[in-house]
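Okay, structure first, notes after.
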Amino acid sequence: LLVRSATCLLIALPHLPHSAKLHEQQRKQHHHHQQQQQQQQQSMAPSKVLVVRASPRPEGHSNKVANEFLANLKAKNPQVVVEEWLLEEKKDIPEFGQKVINGKGESPTPEEKSAWEGTLKIISEFKTFDLYVVATPMWNFNVPAKLINLIDVLAQAGHTFEYVDGAARGLLANKKVLFVCAHMGAYPNGVLDNDFQLPYLRHMFNFMGVSEQKDIAIDFSFKGDEADVKPLEQAKALAADWL
């Protein structure tokens with residue numbers, strides 16, 4: 001009887017380690033899959049975000065919606081670093097003009113050289129970010145002059161774009177941009193019909209290589225808080241789904 005019991009025990013034993021080993025393999029595979037998903041999410045999430053605020057009003061519609069997007073983005077990705085350029089107050093952006101143009105030529109004056117060096121500094125800083133959030137009102141069917149000036153400063157051959165076989169190619173690859181555009185009227189899909197705001201922004205950022213673009217329109221801003229309701233919902237959803 002003892003031998004028989006031992007034999008039965010020997011027959012049963014191999015099944016126990018195999019089952020335990022299989023369970024351990026499955027646990028490790030599941031853990032590895034979770035790690036891969038987390039790494040993928042972290043790699044997709046921006047590490048540095050630049051908010052370009054063209055509205056001089058902190059409580060302005062575009063700023064309010066941009067704030068909602070950023071709050072939800074930071075809640076989802078606490079490690080993200082956010083920097084803000086308040087164009088009304090930022091004094092180190094050169095005024096684009098002949099001094100900047102001459103500054104990159106031969107024998108510039110000290111003032112011209114300084115203007116060009118200031119341009120390169122802004123471009124260098126701008127290129128360190130992964131995601132741009134451009135919050136702007138519509139002024140005279142376009143964007144405020146300070147935002148136009150910033151884009152003029154940024155769009156420099158050999159730095160944010162280059163020519164290859166006669167065709168322009170943007171150099172700001174693997175970056176994203178969100179345009180938050182407020183206006184008194186409604187301009188569906190940024191059609192060029194009295195709208196020189198969103199089409200201009202789309203074109204210039206795409207020209208510099210930022211082809212992954214999203215936008216939130218704040219229509220009929222004269223309606224006050226009512227105009228912000230849908231855009232605020234869009235900002236929250238975009239922060240959750242896009243990034």
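Residues are named by chain letter and number: chains run A, B, ... in the order of the structure tokens, numbers start at 1 in each chain, and ligands are numbered from 1 in the order shown.
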
Helix (DSSP H, G or I) residues, from DSSP on the backbone, in stretch 69-156 of chain A, as a ChimeraX atom specification: /A:69-76,98-103,110-126,145-154

Excluding stretch 94-97 of chain A and residues on its chain fewer than 4 positions from it, collect all residues at most 12 Å away from it, counting only C-alpha atoms, and give them as a ChimeraX atom specification. /A:87,90,101-104,111-123,145-156

Between A:Leu50, A:Met208, A:Ile218, A:Val65, which has the minimum distance to A:Glu83 (counting only C-alpha atoms)? A:Leu50

Closest contacts (stretch 194-222 of chain A/stretch 174-189 of chain A, max 6 Å, only C-alpha atoms) as a tab-separated table:
residue	atom	partner	partner_atom	distance
A:Val210	CA	A:Lys175	CA	5.6
A:Glu212	CA	A:Lys176	CA	5.0
A:Gln213	CA	A:Val177	CA	5.0
A:Lys214	CA	A:Leu178	CA	4.8
A:Asp215	CA	A:Phe179	CA	4.5
A:Ile216	CA	A:Val180	CA	4.9
A:Ala217	CA	A:Cys181	CA	5.0
A:Ile218	CA	A:Ala182	CA	4.5
A:Asp219	CA	A:Ala186	CA	5.0
A:Phe220	CA	A:Met184	CA	4.4
A:Ser221	CA	A:Met184	CA	4.9
A:Phe222	CA	A:Met184	CA	5.9

Distance atom CA of A:Ala239-atom CA of A:Val82, one decimal place? 14.0 Å

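Shortest separation to A:Asp193 among A:Gln79, A:Thr109, A:Gln98, A:Asn142 occurs at residue A:Asn142, atoms counted being only C-alpha atoms.
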
Compile the contact shell of A:Leu86 as number ranges by chain: residues with an atom at most 9 Å away, counting only C-alpha atoms, same-chain residues fewer than 3 positions apart removed. A: 51-56, 89-90

Assign secondary structure with DSSP using the backbone only, and return the residues of stretch 84-217 of chain A in strand (DSSP E) as a PyMOL selection string. chain A and resi 84-86+131-137+161-164+167-170+176-182+212-217

Filtering to N, CA, C and O atoms, could you give me those residues as a compact mmCIF listing (two decimals), in the first residue's frame?
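Dumped to result27.txt:
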# COMPACT_ATOMS: atom_id res chain seq x y z
N GLU A 84 5.14 79.46 -20.49
CA GLU A 84 4.21 80.38 -21.13
C GLU A 84 4.93 81.60 -21.67
O GLU A 84 5.80 82.16 -21.00
N TRP A 85 4.55 81.97 -22.90
CA TRP A 85 5.03 83.21 -23.49
C TRP A 85 3.84 84.15 -23.60
O TRP A 85 2.94 83.94 -24.44
N LEU A 86 3.79 85.17 -22.77
CA LEU A 86 2.76 86.19 -22.84
C LEU A 86 3.28 87.28 -23.78
O LEU A 86 4.11 88.11 -23.39
N LEU A 131 5.06 70.25 -27.70
CA LEU A 131 3.68 70.65 -28.00
C LEU A 131 3.56 72.16 -27.85
O LEU A 131 4.06 72.74 -26.88
N TYR A 132 2.89 72.77 -28.82
CA TYR A 132 2.61 74.20 -28.77
C TYR A 132 1.11 74.41 -28.60
O TYR A 132 0.31 73.76 -29.27
N VAL A 133 0.75 75.31 -27.71
CA VAL A 133 -0.64 75.72 -27.56
C VAL A 133 -0.69 77.21 -27.87
O VAL A 133 -0.10 78.02 -27.14
N VAL A 134 -1.34 77.56 -28.96
CA VAL A 134 -1.41 78.96 -29.40
C VAL A 134 -2.82 79.47 -29.12
O VAL A 134 -3.78 79.03 -29.75
N ALA A 135 -2.94 80.36 -28.15
CA ALA A 135 -4.23 80.92 -27.77
C ALA A 135 -4.31 82.35 -28.29
O ALA A 135 -3.49 83.20 -27.90
N THR A 136 -5.29 82.60 -29.15
CA THR A 136 -5.32 83.91 -29.79
C THR A 136 -6.74 84.38 -30.11
O THR A 136 -7.58 83.58 -30.50
N PRO A 137 -6.98 85.67 -29.96
CA PRO A 137 -8.23 86.23 -30.45
C PRO A 137 -8.07 86.57 -31.93
O PRO A 137 -6.96 86.50 -32.47
N PHE A 161 12.97 75.75 -41.38
CA PHE A 161 12.66 75.14 -42.67
C PHE A 161 13.89 75.22 -43.55
O PHE A 161 14.83 75.96 -43.27
N GLU A 162 13.87 74.42 -44.60
CA GLU A 162 14.97 74.43 -45.56
C GLU A 162 14.42 74.16 -46.94
O GLU A 162 13.26 73.74 -47.10
N TYR A 163 15.24 74.41 -47.96
CA TYR A 163 14.84 74.12 -49.33
C TYR A 163 15.58 72.89 -49.83
O TYR A 163 16.80 72.80 -49.74
N VAL A 164 14.83 71.93 -50.35
CA VAL A 164 15.39 70.71 -50.92
C VAL A 164 14.86 70.57 -52.34
O VAL A 164 13.64 70.46 -52.54
N ALA A 167 12.07 72.92 -53.20
CA ALA A 167 10.84 72.87 -52.42
C ALA A 167 11.15 73.06 -50.94
O ALA A 167 12.16 72.55 -50.43
N ALA A 168 10.28 73.77 -50.26
CA ALA A 168 10.47 74.01 -48.82
C ALA A 168 10.11 72.77 -48.03
O ALA A 168 9.16 72.06 -48.35
N ARG A 169 10.89 72.52 -46.98
CA ARG A 169 10.63 71.40 -46.08
C ARG A 169 10.81 71.87 -44.65
O ARG A 169 11.83 72.45 -44.29
N GLY A 170 9.79 71.64 -43.82
CA GLY A 170 9.85 72.07 -42.43
C GLY A 170 10.82 71.23 -41.62
O GLY A 170 11.01 70.04 -41.88
N LYS A 176 3.65 68.86 -32.11
CA LYS A 176 2.21 69.05 -32.27
C LYS A 176 1.84 70.47 -31.90
O LYS A 176 2.56 71.14 -31.16
N VAL A 177 0.69 70.90 -32.42
CA VAL A 177 0.22 72.24 -32.07
C VAL A 177 -1.30 72.22 -31.91
O VAL A 177 -2.01 71.54 -32.64
N LEU A 178 -1.76 72.96 -30.92
CA LEU A 178 -3.19 73.20 -30.71
C LEU A 178 -3.43 74.69 -30.86
O LEU A 178 -2.81 75.50 -30.17
N PHE A 179 -4.34 75.04 -31.77
CA PHE A 179 -4.74 76.44 -31.94
C PHE A 179 -6.08 76.65 -31.23
O PHE A 179 -7.05 75.95 -31.49
N VAL A 180 -6.10 77.62 -30.32
CA VAL A 180 -7.34 78.00 -29.64
C VAL A 180 -7.69 79.39 -30.14
O VAL A 180 -7.03 80.38 -29.80
N CYS A 181 -8.72 79.47 -30.98
CA CYS A 181 -9.02 80.70 -31.71
C CYS A 181 -10.39 81.26 -31.32
O CYS A 181 -11.42 80.59 -31.49
N ALA A 182 -10.38 82.46 -30.80
CA ALA A 182 -11.62 83.13 -30.42
C ALA A 182 -11.95 84.20 -31.46
O ALA A 182 -11.05 84.86 -31.99
N GLU A 212 1.08 67.91 -37.30
CA GLU A 212 0.01 67.36 -36.46
C GLU A 212 -0.64 68.50 -35.71
O GLU A 212 -0.08 69.04 -34.75
N GLN A 213 -1.84 68.88 -36.16
CA GLN A 213 -2.49 70.08 -35.67
C GLN A 213 -3.92 69.79 -35.23
O GLN A 213 -4.62 68.98 -35.84
N LYS A 214 -4.33 70.47 -34.17
CA LYS A 214 -5.72 70.45 -33.71
C LYS A 214 -6.14 71.89 -33.45
O LYS A 214 -5.29 72.77 -33.25
N ASP A 215 -7.43 72.13 -33.48
CA ASP A 215 -7.89 73.48 -33.20
C ASP A 215 -9.23 73.45 -32.46
O ASP A 215 -10.02 72.52 -32.61
N ILE A 216 -9.43 74.47 -31.65
CA ILE A 216 -10.68 74.68 -30.94
C ILE A 216 -11.15 76.09 -31.27
O ILE A 216 -10.42 77.06 -31.04
N ALA A 217 -12.34 76.20 -31.83
CA ALA A 217 -12.89 77.50 -32.20
C ALA A 217 -13.86 77.98 -31.12
O ALA A 217 -14.69 77.21 -30.64

Nearby residues (only C-alpha atoms) at most 8 Å from A:Ser47, same-chain spacing under 2 positions excluded, as a ChimeraX atom specification: /A:45,49,79-81,129-130

Now that the selection is made, can you save its residues with C-alpha atoms as a short mmCIF file (atom, residue, chain, number, x, y, z; two decimals), in the first residue's frame?
data_model
loop_
_atom_site.label_atom_id
_atom_site.label_comp_id
_atom_site.auth_asym_id
_atom_site.auth_seq_id
_atom_site.Cartn_x
_atom_site.Cartn_y
_atom_site.Cartn_z
CA ALA A 45 2.83 62.36 -23.84
CA VAL A 49 4.64 72.38 -23.62
CA GLN A 79 5.43 65.18 -15.27
CA VAL A 80 4.77 67.62 -18.11
CA VAL A 81 6.65 70.93 -18.03
CA PHE A 129 9.18 72.04 -26.95
CA ASP A 130 7.11 69.03 -28.01
#

Separation of atom CA of A:Asp228 and atom CA of A:His61, in Å?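 So the two atoms, atom CA of A:Asp228 and atom CA of A:His61, lie 6.8 Å apart.
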
Atom CA of A:Asn72 to atom CA of A:Gly224: how many Å, to one decimal?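 About the pair atom CA of A:Asn72 and atom CA of A:Gly224: they are 22.4 Å apart.
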
Between A:Ala66, A:Lys223, A:Glu59, A:Leu198, single out the one closest to A:Ala235, counting only C-alpha atoms. A:Ala66
